[in-house]
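Asks: So that you have it, the file is final-v2.txt, and it contains compact mmCIF, C-alpha atoms:
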# COMPACT_ATOMS: atom_id res chain seq x y z
CA MET P 221 55.21 68.92 73.01
CA ALA P 222 56.22 67.58 76.43
CA GLN P 223 58.00 64.24 76.18
CA GLN P 224 55.90 62.59 78.88
CA GLU P 225 52.80 62.99 76.75
CA THR P 226 54.13 60.36 74.36
CA ASP P 227 55.92 58.04 76.78
CA GLU P 228 55.17 54.36 76.39
CA GLN P 229 54.11 52.34 79.41
CA VAL P 230 56.84 49.87 80.42
CA SER P 231 55.67 46.69 82.12
CA VAL P 232 57.40 43.71 83.68
CA ASP P 233 56.33 40.14 84.37
CA GLU P 234 56.06 38.45 87.76
CA GLU P 235 59.80 37.74 87.78
CA GLY P 236 60.68 41.35 87.07
CA PHE P 237 61.66 40.76 83.45
CA LEU P 238 60.82 43.49 80.97
CA ILE P 239 57.91 42.61 78.68
CA ASP P 240 59.53 43.67 75.42
CA THR P 241 57.68 41.53 72.86
CA GLU P 242 54.33 43.34 72.78
CA ASP P 243 53.36 46.17 70.39
CA CYS P 244 56.91 46.18 69.02
CA GLU P 245 56.12 47.88 65.72
CA ALA P 246 54.07 50.66 67.30
CA ARG P 247 56.61 51.34 70.05
CA GLU P 248 59.61 51.37 67.72
CA THR P 249 57.80 53.58 65.22
CA ALA P 250 56.80 56.08 67.91
CA HIS P 251 60.38 56.38 69.16
CA ARG P 252 61.80 56.67 65.66
CA GLU P 253 59.31 59.28 64.47
CA ARG P 254 60.03 61.49 67.50
CA GLY P 255 63.77 61.09 67.10
CA THR P 256 66.47 62.38 64.78
CA SER P 257 68.96 60.03 63.19
CA ARG P 258 72.59 60.74 64.02
CA PRO P 259 75.84 59.50 62.40
CA ILE P 260 77.59 56.50 63.93
CA THR P 261 80.94 56.74 65.72
CA VAL P 262 83.48 54.15 64.60
CA VAL P 263 86.41 52.28 66.13
CA GLY P 264 89.15 54.71 67.13
CA ASN P 265 86.77 57.36 68.46
CA PRO P 266 87.71 57.86 72.15
CA VAL P 267 84.08 57.65 73.36
CA LEU P 268 83.97 53.99 72.29
CA HIS P 269 87.03 52.96 74.23
CA LYS P 270 86.18 53.94 77.81
CA GLU P 271 83.47 53.11 80.30
CA CYS P 272 80.47 55.41 79.94
CA LYS P 273 78.95 57.46 82.74
CA ASP P 274 75.99 56.13 84.69
CA VAL P 275 72.56 57.51 83.82
CA THR P 276 71.41 59.52 86.84
CA GLU P 277 68.75 61.78 85.32
CA PHE P 278 65.62 60.02 84.07
CA GLY P 279 63.69 62.78 82.35
CA ASP P 280 62.91 64.39 79.02
CA GLU P 281 66.55 64.62 77.88
CA LEU P 282 67.05 60.89 78.34
CA ALA P 283 63.73 60.15 76.60
CA ALA P 284 64.77 62.33 73.65
CA LEU P 285 68.15 60.57 73.46
CA ILE P 286 66.42 57.18 73.36
CA ASP P 287 64.20 58.43 70.53
CA ASP P 288 67.28 59.55 68.59
CA MET P 289 68.94 56.20 69.23
CA PHE P 290 65.98 54.31 67.77
CA ALA P 291 66.00 56.61 64.74
CA SER P 292 69.75 56.13 64.29
CA GLN P 293 69.48 52.38 64.71
CA ARG P 294 66.81 52.15 62.00
CA THR P 295 68.82 54.33 59.57
CA ALA P 296 71.87 52.09 60.04
CA GLU P 297 69.73 48.93 59.84
CA GLY P 298 71.03 47.68 63.17
CA VAL P 299 69.46 45.49 65.86
CA GLY P 300 71.05 47.27 68.82
CA LEU P 301 72.71 50.60 69.53
CA ALA P 302 74.61 51.96 72.53
CA ALA P 303 74.66 55.67 73.34
CA ASN P 304 78.39 56.02 72.76
CA GLN P 305 77.84 54.81 69.20
CA ILE P 306 76.26 58.20 68.52
CA GLY P 307 78.87 59.98 70.63
CA VAL P 308 76.97 60.21 73.93
CA ASP P 309 78.85 59.22 77.08
CA LEU P 310 75.97 57.54 78.96
CA LYS P 311 75.14 53.96 79.89
CA VAL P 312 72.04 53.33 77.82
CA PHE P 313 71.34 51.08 74.88
CA VAL P 314 68.32 50.33 72.71
CA TYR P 315 67.47 47.20 70.78
CA ASP P 316 65.07 45.94 68.12
CA CYS P 317 66.20 42.35 67.77
CA PRO P 318 64.72 38.91 67.11
CA ASP P 319 65.64 35.86 69.12
CA ASP P 320 66.38 32.50 67.53
CA GLU P 321 62.67 31.66 67.51
CA GLY P 322 61.96 34.77 65.44
CA VAL P 323 60.28 36.64 68.30
CA ARG P 324 60.91 40.39 68.09
CA HIS P 325 62.16 42.27 71.17
CA VAL P 326 62.15 46.09 71.43
CA GLY P 327 63.33 48.09 74.41
CA ALA P 328 65.83 50.40 76.12
CA ILE P 329 68.03 49.67 79.13
CA CYS P 330 69.97 52.12 81.28
CA ASN P 331 72.98 51.20 83.44
CA PRO P 332 73.02 47.57 82.25
CA VAL P 333 74.92 44.87 84.10
CA LEU P 334 75.28 41.34 82.73
CA GLU P 335 74.36 38.74 85.32
CA GLU P 336 76.90 35.94 85.73
CA LEU P 337 75.53 32.64 84.49
CA PRO P 338 75.93 29.36 86.38
CA PRO P 339 78.26 26.92 84.58
CA GLU P 340 75.38 24.71 83.45
CA ALA P 341 73.81 27.67 81.61
CA ARG P 342 76.97 28.63 79.73
CA VAL P 343 76.43 27.04 76.33
CA LEU P 344 78.65 28.86 73.86
CA ASP P 345 77.52 29.91 70.39
CA ASP P 346 80.27 30.85 67.93
CA SER P 347 78.09 32.54 65.33
CA GLY P 348 79.28 35.52 63.33
CA GLU P 349 79.09 39.00 64.81
CA GLY P 350 79.23 42.51 63.40
CA CYS P 351 79.01 46.05 64.74
CA LEU P 352 77.76 49.37 63.40
CA SER P 353 80.94 50.94 64.80
CA VAL P 354 83.10 48.52 62.79
CA PRO P 355 81.11 48.84 59.57
CA THR P 356 81.16 46.07 56.94
CA ALA P 357 83.31 43.75 59.10
CA TYR P 358 82.23 40.39 60.55
CA ALA P 359 83.90 37.65 62.57
CA LYS P 360 82.94 34.57 64.54
CA LEU P 361 82.89 35.13 68.30
CA ALA P 362 81.89 32.63 70.98
CA ARG P 363 79.35 33.99 73.47
CA PRO P 364 76.83 32.30 75.79
CA ASP P 365 73.55 31.62 73.96
CA TYR P 366 71.56 32.89 76.96
CA ALA P 367 71.95 36.24 78.72
CA VAL P 368 70.32 38.20 81.51
CA VAL P 369 70.89 41.95 81.89
CA ARG P 370 69.67 43.98 84.83
CA GLY P 371 69.36 47.74 84.78
CA GLN P 372 66.76 50.49 84.70
CA ASP P 373 64.11 51.64 82.26
CA ALA P 374 63.84 55.18 80.91
CA LYS P 375 62.08 56.30 84.09
CA GLY P 376 64.61 54.75 86.46
CA ASN P 377 62.59 51.68 87.44
CA PRO P 378 64.61 48.48 87.98
CA VAL P 379 64.17 45.92 85.21
CA ARG P 380 65.77 42.75 83.89
CA VAL P 381 65.94 41.53 80.31
CA ARG P 382 66.67 37.98 79.18
CA GLY P 383 67.43 36.67 75.74
CA THR P 384 68.42 33.56 73.85
CA GLY P 385 70.48 33.03 70.74
CA TYR P 386 70.87 36.10 68.55
CA PHE P 387 69.11 38.32 71.08
CA ALA P 388 71.42 37.07 73.86
CA ARG P 389 74.37 38.04 71.67
CA CYS P 390 72.84 41.50 71.17
CA LEU P 391 72.41 42.06 74.91
CA GLN P 392 76.03 41.10 75.59
CA HIS P 393 77.36 43.12 72.65
CA GLU P 394 75.55 46.34 73.64
CA THR P 395 76.44 46.02 77.32
CA ASP P 396 80.09 45.59 76.29
CA HIS P 397 79.91 48.88 74.38
CA LEU P 398 78.97 50.84 77.48
CA TYR P 399 82.02 49.53 79.33
CA GLY P 400 84.39 50.49 76.51
CA TYR P 401 84.63 47.17 74.65
CA LEU P 402 84.02 46.48 70.97
CA TYR P 403 83.47 42.92 69.84
CA ILE P 404 86.79 43.03 67.99
CA ASP P 405 88.50 43.52 71.36
CA ARG P 406 87.49 39.93 72.16
CA LEU P 407 89.07 38.51 69.00
CA SER P 408 92.59 37.21 68.50
CA LYS P 409 95.11 39.69 67.09
CA ARG P 410 94.87 38.08 63.66
CA GLU P 411 91.06 38.09 63.68
CA ARG P 412 90.98 41.71 64.81
CA LYS P 413 93.39 42.69 62.06
CA ASP P 414 91.19 40.92 59.52
CA ALA P 415 88.06 42.73 60.76
CA LEU P 416 89.79 46.10 60.49
CA ARG P 417 90.94 45.17 56.98
CA GLN P 418 87.35 44.39 56.01
CA MET P 419 86.28 47.77 57.37
CA ALA P 420 89.04 49.61 55.48
CA GLU P 421 88.23 47.90 52.17
CA ASN P 422 84.50 48.61 52.16
CA THR P 423 82.14 51.59 52.37
CA PRO P 424 79.51 51.75 55.14
CA ARG P 425 75.86 52.07 54.05
CA TYR P 426 75.17 54.78 56.65
CA GLU P 427 76.77 58.05 57.75
CA VAL P 428 79.68 57.74 60.15
CA VAL P 429 81.70 60.24 62.18
CA PRO P 430 85.23 60.41 60.73
CA ASN P 431 88.07 60.02 63.21
CA ASP P 432 90.43 63.02 63.05
Now that the file is in, can you turn its structure into structure tokens?
Replies:
Amino acid sequence: MAQQETDEQVSVDEEGFLIDTEDCEARETAHRERGTSRPITVVGNPVLHKECKDVTEFGDELAALIDDMFASQRTAEGVGLAANQIGVDLKVFVYDCPDDEGVRHVGAICNPVLEELPPEARVLDDSGEGCLSVPTAYAKLARPDYAVVRGQDAKGNPVRVRGTGYFARCLQHETDHLYGYLYIDRLSKRERKDALRQMAENTPRYEVVPND
């Protein structure tokens, strides 16, 4: 079946922000059922530690990758997933994440860039953070509690996404991935060591790619 026959319609509001709160269950389910779950790459895998390539082809292959990413995200019980977390060197991430008001957001962003916030908008939140590529480990990390990401949708159209609270953290976390940064790279040496200890002492609940 041709991918375009099952493509969802992506819409934006009058400010150009992606409308990602409508029909979330149906859209996520459609992606997931078309896709195939893949194992998760973990810290130490080279693909996680370098900037990914820009997405330049917006066609069936990209659409199929996004489907696989949604399937993989659901298997791992995550709220966001970057392409390099399933070993693909491309700047695209997907998300299925609530904000602090409990509103669910579902979408996919290619070539994301975090917009710089004015000082008055930089209210830091030091909640705990985890990562599918650092399984079973968690640490507190201060990030702005509001974020705006600009990029492109799966068809190459320009879009922006904004989030608050937990969803803002997700947007920043996934964008970091595509530029070669894990959240533990933003921790102190002692905190990073502790996160890696947590990972070593526990067993992930999903399949991972072993580092040779």
Asks: Restricting the calculation to all atoms listed in the file, which member of P:Leu407, P:Val354, P:Val299, P:Met289 is positioned closest to Arg258 in chain P?
Replies: P:Met289
Asks: I need the residue nearest Gly300 in chain P from this list: P:Asp346, P:Asp396, P:Asp316, P:Glu335. Use all atoms listed in the file for the distance.
Replies: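 The closest residue to Gly300 in chain P is P:Asp316.
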Asks: Calculate how many Å separate CA of Leu416 in chain P from CA of Val429 in chain P, rounding to one decimal.
Replies: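 Spanning CA of Leu416 in chain P to CA of Val429 in chain P is a straight-line distance of 16.4 Å.
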Asks: Just checking: using all atoms listed in the file, which residue out of P:Met419, P:Ala296, P:Val381, P:Val263 ends up closest to Ala359 in chain P?
Replies: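 Among P:Met419, P:Ala296, P:Val381, P:Val263, it is P:Met419 that comes nearest to Ala359 in chain P.
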Asks: At what distance in Å, to one decimal, does CA of Leu402 in chain P lie from CA of Ser353 in chain P?
Replies: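 Straight-line distance from CA of Ser353 in chain P to CA of Leu402 in chain P works out to 8.2 Å.
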Asks: Return the single residue from P:Ala362, P:Val333, P:Val262, P:Val323 that is closest to Asp345 in chain P, with distances computed using all atoms listed in the file.
Replies: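 Closest residue, counting all atoms listed in the file: P:Ala362.
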Asks: P:Val368, P:Leu361, P:Ala415, P:Leu310: which is nearest Leu344 in chain P, counting only C-alpha atoms?
Replies: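 Closest to Leu344 in chain P of all the choices is P:Leu361.
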Asks: What does the distance between CA of Arg389 in chain P and CA of Cys272 in chain P come to in Å, to one decimal place?
Replies: 20.2 Å
Asks: Which is closest to Arg254 in chain P among P:Asp414, P:Lys273, P:Ala283, P:Ile329, if we use all atoms listed in the file?
Replies: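 Comparing P:Asp414, P:Lys273, P:Ala283, P:Ile329 against Arg254 in chain P, the winner is P:Ala283.
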Asks: Just the residues within 12 Å of Gly307 in chain P, please, counting all atoms listed in the file, with nothing from its chain fewer than 6 positions along; format it as a list in words.
Replies: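 With the cut-off at 12 Å, the set is Arg258, Pro259, Ile260, Thr261, Val262, Val263, Asn265, Pro266, Val267, Leu268, His269, Lys270, Cys272, Leu285, Asp288, Met289, Ser292, Leu301, Ser353, His397, Leu398, Val428, Val429, Pro430 and Asn431 of chain P.
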Asks: Now that the selection is made, can you save its residues with C-alpha atoms as a compact mmCIF listing (two decimals), in the frame of the given file?
Replies:
# COMPACT_ATOMS: atom_id res chain seq x y z
CA ARG P 258 72.59 60.74 64.02
CA PRO P 259 75.84 59.50 62.40
CA ILE P 260 77.59 56.50 63.93
CA THR P 261 80.94 56.74 65.72
CA VAL P 262 83.48 54.15 64.60
CA VAL P 263 86.41 52.28 66.13
CA ASN P 265 86.77 57.36 68.46
CA PRO P 266 87.71 57.86 72.15
CA VAL P 267 84.08 57.65 73.36
CA LEU P 268 83.97 53.99 72.29
CA HIS P 269 87.03 52.96 74.23
CA LYS P 270 86.18 53.94 77.81
CA CYS P 272 80.47 55.41 79.94
CA LEU P 285 68.15 60.57 73.46
CA ASP P 288 67.28 59.55 68.59
CA MET P 289 68.94 56.20 69.23
CA SER P 292 69.75 56.13 64.29
CA LEU P 301 72.71 50.60 69.53
CA SER P 353 80.94 50.94 64.80
CA HIS P 397 79.91 48.88 74.38
CA LEU P 398 78.97 50.84 77.48
CA VAL P 428 79.68 57.74 60.15
CA VAL P 429 81.70 60.24 62.18
CA PRO P 430 85.23 60.41 60.73
CA ASN P 431 88.07 60.02 63.21
Asks: Reconstruct N, CA, C and O atoms of range 357-378 of chain P from the incomplete input and present them as a short mmCIF file (atom, residue, chain, number, x, y, z; two decimals), in the frame of the given file.
Replies:
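Written output follows (result-v8.cif):
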data_model
loop_
_atom_site.label_atom_id
_atom_site.label_comp_id
_atom_site.auth_asym_id
_atom_site.auth_seq_id
_atom_site.Cartn_x
_atom_site.Cartn_y
_atom_site.Cartn_z
N ALA P 357 82.43 44.83 58.63
CA ALA P 357 83.31 43.75 59.10
C ALA P 357 82.52 42.74 59.94
O ALA P 357 81.63 43.11 60.70
N TYR P 358 82.88 41.46 59.79
CA TYR P 358 82.23 40.39 60.55
C TYR P 358 83.26 39.35 60.95
O TYR P 358 84.27 39.14 60.26
N ALA P 359 83.01 38.71 62.10
CA ALA P 359 83.90 37.65 62.57
C ALA P 359 83.12 36.73 63.50
O ALA P 359 82.15 37.15 64.13
N LYS P 360 83.54 35.49 63.59
CA LYS P 360 82.94 34.57 64.54
C LYS P 360 83.45 34.89 65.95
O LYS P 360 84.63 35.17 66.15
N LEU P 361 82.53 34.85 66.92
CA LEU P 361 82.89 35.13 68.30
C LEU P 361 82.02 34.30 69.22
O LEU P 361 80.79 34.37 69.15
N ALA P 362 82.64 33.49 70.06
CA ALA P 362 81.89 32.63 70.98
C ALA P 362 81.34 33.46 72.14
O ALA P 362 82.08 34.16 72.83
N ARG P 363 80.02 33.37 72.33
CA ARG P 363 79.35 33.99 73.47
C ARG P 363 78.29 33.02 73.99
O ARG P 363 77.77 32.20 73.22
N PRO P 364 77.92 33.12 75.29
CA PRO P 364 76.83 32.30 75.79
C PRO P 364 75.54 32.54 74.99
O PRO P 364 75.26 33.69 74.61
N ASP P 365 74.78 31.47 74.75
CA ASP P 365 73.55 31.62 73.96
C ASP P 365 72.35 31.99 74.82
O ASP P 365 71.21 31.93 74.36
N TYR P 366 72.61 32.39 76.07
CA TYR P 366 71.56 32.89 76.96
C TYR P 366 72.17 34.01 77.77
O TYR P 366 73.34 33.93 78.20
N ALA P 367 71.43 35.10 77.96
CA ALA P 367 71.95 36.24 78.72
C ALA P 367 70.84 36.90 79.51
O ALA P 367 69.69 36.95 79.07
N VAL P 368 71.22 37.41 80.68
CA VAL P 368 70.32 38.20 81.51
C VAL P 368 71.03 39.51 81.85
O VAL P 368 72.17 39.51 82.33
N VAL P 369 70.36 40.62 81.58
CA VAL P 369 70.89 41.95 81.89
C VAL P 369 69.94 42.62 82.87
O VAL P 369 68.73 42.60 82.67
N ARG P 370 70.49 43.18 83.92
CA ARG P 370 69.67 43.98 84.83
C ARG P 370 70.07 45.44 84.69
O ARG P 370 71.22 45.77 84.36
N GLY P 371 69.10 46.32 84.91
CA GLY P 371 69.36 47.74 84.78
C GLY P 371 68.13 48.53 85.15
O GLY P 371 67.36 48.13 86.05
N GLN P 372 67.91 49.62 84.45
CA GLN P 372 66.76 50.49 84.70
C GLN P 372 66.10 50.87 83.38
O GLN P 372 66.76 50.93 82.35
N ASP P 373 64.80 51.15 83.45
CA ASP P 373 64.11 51.64 82.26
C ASP P 373 64.30 53.15 82.14
O ASP P 373 65.03 53.76 82.93
N ALA P 374 63.64 53.76 81.18
CA ALA P 374 63.84 55.18 80.91
C ALA P 374 63.34 56.08 82.03
O ALA P 374 63.65 57.28 82.06
N LYS P 375 62.57 55.52 82.96
CA LYS P 375 62.08 56.30 84.09
C LYS P 375 62.82 55.97 85.39
O LYS P 375 62.48 56.49 86.45
N GLY P 376 63.81 55.09 85.30
CA GLY P 376 64.61 54.75 86.46
C GLY P 376 64.13 53.54 87.23
O GLY P 376 64.72 53.19 88.26
N ASN P 377 63.09 52.87 86.75
CA ASN P 377 62.59 51.68 87.44
C ASN P 377 63.50 50.49 87.18
O ASN P 377 63.97 50.30 86.05
N PRO P 378 63.76 49.66 88.19
CA PRO P 378 64.61 48.48 87.98
C PRO P 378 63.92 47.46 87.07
O PRO P 378 62.74 47.17 87.23
#
